[in-house]
Amino acid sequence: MSEGGLTLERKLELLEEELRRAQRFAALGELASTTTHEFNNVLTTILNYAKLGLRHKDEATRDKAFTKILEASQRAEKIANGVLGMARNRGTERVPTDLAKLVEESLVLLEREMRKYRVQVELEILPAPLALVCGNQIQQVLLNLLTNARQAMPNGGRVTIRIAPDAAAGTVDFSVRDTGSGIPADQLPHIFDRYFTTKRGPDETGKGGTGVGLSMCREIIEQHQGRIRVESTVGVGTAFTLKLPVAPVETAASAAPLPTLGIPAAAPFATA
Ligand SMILES: Nc1ncnc2c1ncn2[C@@H]1O[C@H](COP(=O)(O)OP(=O)(O)OP(=O)(O)O)[C@@H](O)[C@H]1O
Ligand SMILES: [Mg+2]
């Protein structure tokens with residue numbers, strides 16, 4: 001069909017598809033630049049302590065230098081794992097996934113930004129079964145929620161990420177809570193609408209203002225047969241909770257090749 005023959009509705013659909021693709025690329029580009037920065041920091045540390053160790057022959061200084069080099073290398077390993085985690089599951093396949101690990105891998109990429117905006121990140125990780133998710137997509141949801149949280153706290157604050165099992169519902173619950181501005185009651189019903197935004201435009205990190213973030217989160221969660229819920233109080237803060245399906249134990253056990261992908265095969269809990 002020629003472009004002229006497309007209905008307005010179809011054109012809009014195609015444009016939205018295009019926008020989603022562009023957003024995925026933007027996320028990848030951002031990931032590449034954050035990672036490069038973080039790697040550079042780590043390398044600087046390693047270089048400096050290697051020089052220190054070579055200059056000073058006493059055991060105490062050398063021990064200190066080796067310890068610092070080891071710590072920096074472990075951090076580099078974490079960053080690399082985070083990037084590989086995102087890269088290896090670019091599709092939409094859902095596999096048993098350790099959400100705590102996904103959080104850890106995602107945070108290493110946002111640490112610097114959170115520090116810059118004086119946002120303290122707290123973790124409440126309870127023992128939970130593996131979730132049946134596409135890790136890459138859930139990571140995208142998490143990054144969106146964390147960016148929104150950070151933007152709601154222009155003077156800094158605290159964001160709490162909690163993972164807890166809900167055995168009765170057969171879900172793993174995943175929440176992101178901030179101490180930010182909160183959302184006025186009249187806006188709350190609209191925040192998941194595509195293009196709804198109260199932001200003037202991108203902030204100095206280039207994020208925010210298109211009103212696509214939350215609608216994308218909702219789409220992803222719905223594709224997972226999960227639920228996303230929001231609670232907010234103006235002046236106190238906002239909490240988003242995701243309810244994600246637990247991976248059936250059979251799936252976890254039969255998925256023998258998964259350990260090579262870095263995803264644990266055994267679920268710590270049985271499914272209810
Ligand atoms: N944690 C939060 N605290 C306060 N308001 C929020 C929070 N999360 C979302 N909002 C409100 O919901 C609106 C929609 O959020 P959404 O992430 O969809 O779009 P956005 O952040 O404005 O732009 P982007 O497409 O770049 O994410 C925001 O503009 C903001 O008003
Ligand atoms: Mg957003």
# chains A, B, ... in the order shown; residues from 1 in each chain; ligands from 1
>>> residues_near_ligand(ligand="ligand 2", cutoff="7 Å", atoms="only C-alpha atoms and all ligand atoms", output="count of residues only")
10
>>> residues_near_ligand(ligand="ligand 1", cutoff="8 Å", atoms="only C-alpha atoms and all ligand atoms", output="count of residues only")
45
>>> closest_atom_pairs(of="stretch 35-69 of chain A", to="stretch 101-117 of chain A", cutoff="12 Å", atoms="only C-alpha atoms", output="JSON lines")
{"residue": "A:Thr35", "atom": "CA", "partner": "A:Leu109", "partner_atom": "CA", "distance": 6.8}
{"residue": "A:Thr36", "atom": "CA", "partner": "A:Leu109", "partner_atom": "CA", "distance": 10.3}
{"residue": "A:His37", "atom": "CA", "partner": "A:Arg112", "partner_atom": "CA", "distance": 9.3}
{"residue": "A:Glu38", "atom": "CA", "partner": "A:Leu109", "partner_atom": "CA", "distance": 8.0}
{"residue": "A:Phe39", "atom": "CA", "partner": "A:Leu109", "partner_atom": "CA", "distance": 10.7}
{"residue": "A:Asn41", "atom": "CA", "partner": "A:Arg112", "partner_atom": "CA", "distance": 10.7}
>>> write_last_selection(atoms="N, CA and C atoms", output="tab-separated table (two decimals), in the first residue's frame")
chain	number	residue	atom	x	y	z
A	35	THR	N	28.20	3.32	30.84
A	35	THR	CA	29.16	2.26	31.05
A	35	THR	C	30.59	2.74	30.78
A	36	THR	N	30.74	3.51	29.71
A	36	THR	CA	32.07	4.01	29.37
A	36	THR	C	32.61	4.89	30.49
A	37	HIS	N	31.76	5.78	31.00
A	37	HIS	CA	32.15	6.64	32.13
A	37	HIS	C	32.59	5.82	33.33
A	38	GLU	N	31.75	4.83	33.67
A	38	GLU	CA	32.03	4.02	34.85
A	38	GLU	C	33.33	3.23	34.67
A	39	PHE	N	33.52	2.70	33.48
A	39	PHE	CA	34.75	1.95	33.21
A	39	PHE	C	35.98	2.85	33.33
A	41	ASN	N	36.29	5.47	35.23
A	41	ASN	CA	36.54	5.69	36.66
A	41	ASN	C	37.30	4.52	37.26
>>> residues_around(residues="stretch 167-172 of chain A", least_positions_apart="4", cutoff="9 Å", atoms="only C-alpha atoms", output="list in words")
Leu99, Ala128, Pro129, Leu130, Ala131, Ile163, Gly226, Leu242, Lys243, Leu244, Pro245, Val246, Ala247, Thr271 and Ala272 of chain A
>>> residues_around(residues="A:Thr44", least_positions_apart="3", cutoff="12 Å", atoms="only C-alpha atoms", output="ChimeraX atom specification")
/A:37-41,47-51,68-69,72-73,76
>>> atom_distance(atom1="atom CA of A:Asn155", atom2="atom CA of A:Val119")
8.5 Å
>>> atom_distance(atom1="atom CA of A:Ser175", atom2="atom CA of A:Glu18")
29.4 Å
>>> select_by_dssp(residues="stretch 120-153 of chain A", states="strand (DSSP E)", output="list in words")
Gln120, Val121, Glu122, Leu123, Glu124, Ile125, Ala131, Leu132 and Val133 of chain A
>>> atom_distance(atom1="atom CA of A:Val95", atom2="atom CA of A:Cys134")
6.3 Å
>>> decode(residues="stretch 127-268 of chain A", atoms="C-alpha atoms", output="tab-separated table (two decimals), in the first residue's frame")
chain	number	residue	atom	x	y	z
A	127	PRO	CA	13.93	-14.04	49.76
A	128	ALA	CA	11.66	-14.52	46.76
A	129	PRO	CA	11.14	-17.11	44.04
A	130	LEU	CA	12.33	-16.50	40.51
A	131	ALA	CA	9.96	-14.46	38.36
A	132	LEU	CA	8.94	-15.51	34.85
A	133	VAL	CA	9.94	-12.37	32.97
A	134	CYS	CA	11.88	-10.93	30.13
A	135	GLY	CA	14.71	-9.44	32.20
A	136	ASN	CA	15.58	-6.83	29.63
A	137	GLN	CA	12.05	-5.44	29.60
A	138	ILE	CA	11.70	-5.45	33.38
A	139	GLN	CA	15.02	-3.65	33.59
A	140	GLN	CA	13.60	-1.02	31.23
A	141	VAL	CA	10.58	-0.64	33.54
A	142	LEU	CA	12.85	-0.33	36.58
A	143	LEU	CA	15.02	2.32	34.91
A	144	ASN	CA	11.91	4.29	33.92
A	145	LEU	CA	10.52	4.17	37.46
A	146	LEU	CA	13.86	5.15	38.98
A	147	THR	CA	14.25	8.07	36.59
A	148	ASN	CA	10.73	9.29	37.42
A	149	ALA	CA	11.50	8.95	41.12
A	150	ARG	CA	14.73	10.90	40.78
A	151	GLN	CA	12.98	13.64	38.79
A	152	ALA	CA	10.29	13.92	41.47
A	153	MET	CA	13.02	14.74	44.03
A	154	PRO	CA	14.80	17.82	42.66
A	155	ASN	CA	16.38	18.46	46.06
A	156	GLY	CA	17.40	14.88	46.65
A	157	GLY	CA	15.68	12.26	48.76
A	158	ARG	CA	15.37	8.54	49.15
A	159	VAL	CA	14.20	5.80	46.83
A	160	THR	CA	13.46	2.36	48.22
A	161	ILE	CA	13.39	-0.71	46.01
A	162	ARG	CA	11.63	-3.64	47.58
A	163	ILE	CA	11.29	-7.23	46.41
A	164	ALA	CA	8.93	-9.50	48.30
A	165	PRO	CA	7.02	-12.69	47.52
A	166	ASP	CA	3.22	-12.81	47.59
A	167	ALA	CA	2.69	-16.55	47.92
A	168	ALA	CA	-1.12	-16.25	47.97
A	169	ALA	CA	-1.20	-14.39	44.66
A	170	GLY	CA	1.63	-16.46	43.14
A	171	THR	CA	3.57	-13.31	42.35
A	172	VAL	CA	6.82	-11.62	43.17
A	173	ASP	CA	6.14	-8.02	44.13
A	174	PHE	CA	8.56	-5.41	43.10
A	175	SER	CA	8.14	-1.82	44.29
A	176	VAL	CA	9.89	1.50	43.82
A	177	ARG	CA	9.04	4.11	46.45
A	178	ASP	CA	10.26	7.69	46.55
A	179	THR	CA	10.11	10.62	48.94
A	180	GLY	CA	9.31	13.03	46.13
A	181	SER	CA	6.63	15.54	45.20
A	182	GLY	CA	3.80	13.04	44.98
A	183	ILE	CA	1.08	13.11	42.32
A	184	PRO	CA	-2.08	15.24	42.72
A	185	ALA	CA	-5.29	13.16	42.81
A	186	ASP	CA	-6.66	14.73	39.62
A	187	GLN	CA	-3.54	13.69	37.67
A	188	LEU	CA	-3.28	10.19	39.07
A	189	PRO	CA	-5.83	8.61	36.67
A	190	HIS	CA	-3.87	9.92	33.67
A	191	ILE	CA	-0.24	9.11	34.44
A	192	PHE	CA	-0.30	5.85	32.45
A	193	ASP	CA	-1.80	7.58	29.39
A	194	ARG	CA	0.53	7.83	26.46
A	195	TYR	CA	1.96	11.37	26.12
A	196	PHE	CA	0.68	12.51	29.52
A	197	THR	CA	3.47	14.52	31.09
A	198	THR	CA	3.79	17.38	33.57
A	199	LYS	CA	7.45	17.91	32.65
A	200	ARG	CA	8.50	20.82	30.48
A	201	GLY	CA	10.98	18.77	28.52
A	202	PRO	CA	14.13	16.72	28.97
A	203	ASP	CA	16.28	17.58	32.01
A	204	GLU	CA	20.04	18.10	31.77
A	205	THR	CA	20.58	14.34	31.50
A	206	GLY	CA	18.28	14.33	28.46
A	207	LYS	CA	15.54	12.41	30.25
A	208	GLY	CA	11.85	13.11	30.80
A	209	GLY	CA	9.09	15.01	29.15
A	210	THR	CA	7.63	12.78	26.45
A	211	GLY	CA	5.04	11.11	28.64
A	212	VAL	CA	5.89	7.70	27.22
A	213	GLY	CA	7.72	6.16	30.19
A	214	LEU	CA	4.80	4.92	32.25
A	215	SER	CA	2.65	3.90	29.30
A	216	MET	CA	5.54	1.74	28.16
A	217	CYS	CA	5.88	0.28	31.67
A	218	ARG	CA	2.19	-0.60	31.72
A	219	GLU	CA	2.38	-2.21	28.29
A	220	ILE	CA	5.33	-4.36	29.34
A	221	ILE	CA	3.70	-5.42	32.59
A	222	GLU	CA	0.44	-6.30	30.81
A	223	GLN	CA	2.36	-8.44	28.32
A	224	HIS	CA	3.69	-10.30	31.36
A	225	GLN	CA	0.16	-10.82	32.72
A	226	GLY	CA	1.34	-8.80	35.68
A	227	ARG	CA	-0.11	-5.74	37.36
A	228	ILE	CA	1.22	-2.27	38.05
A	229	ARG	CA	-0.24	-0.15	40.83
A	230	VAL	CA	0.49	3.32	42.11
A	231	GLU	CA	-0.04	4.99	45.46
A	232	SER	CA	0.87	8.61	45.98
A	233	THR	CA	0.52	11.40	48.51
A	234	VAL	CA	1.37	14.96	47.58
A	235	GLY	CA	4.35	16.17	49.58
A	236	VAL	CA	5.12	12.69	50.90
A	237	GLY	CA	5.98	10.53	47.92
A	238	THR	CA	4.96	7.90	45.43
A	239	ALA	CA	5.15	4.12	45.28
A	240	PHE	CA	4.79	1.96	42.20
A	241	THR	CA	4.26	-1.76	42.76
A	242	LEU	CA	4.64	-4.41	40.09
A	243	LYS	CA	3.15	-7.85	40.60
A	244	LEU	CA	5.03	-10.31	38.43
A	245	PRO	CA	4.27	-14.00	37.89
A	246	VAL	CA	6.39	-16.55	39.71
A	247	ALA	CA	8.26	-18.98	37.44
A	248	PRO	CA	6.78	-22.47	37.73
A	249	VAL	CA	9.26	-24.81	39.38
A	250	GLU	CA	9.11	-27.25	36.40
A	251	THR	CA	10.22	-24.44	34.09
A	252	ALA	CA	13.11	-23.59	36.34
A	253	ALA	CA	14.19	-27.20	36.66
A	254	SER	CA	13.83	-28.11	32.99
A	255	ALA	CA	15.67	-25.02	31.86
A	256	ALA	CA	19.03	-26.70	32.35
A	257	PRO	CA	21.08	-24.54	29.93
A	258	LEU	CA	20.14	-21.36	31.76
A	259	PRO	CA	23.11	-21.29	34.17
A	260	THR	CA	25.42	-20.60	31.23
A	261	LEU	CA	23.41	-17.41	30.71
A	262	GLY	CA	24.07	-16.41	34.30
A	263	ILE	CA	20.52	-17.06	35.49
A	264	PRO	CA	20.17	-19.40	38.46
A	265	ALA	CA	18.17	-22.51	37.62
A	266	ALA	CA	16.87	-23.36	41.06
A	267	ALA	CA	13.98	-21.48	42.62
A	268	PRO	CA	14.45	-20.95	46.36
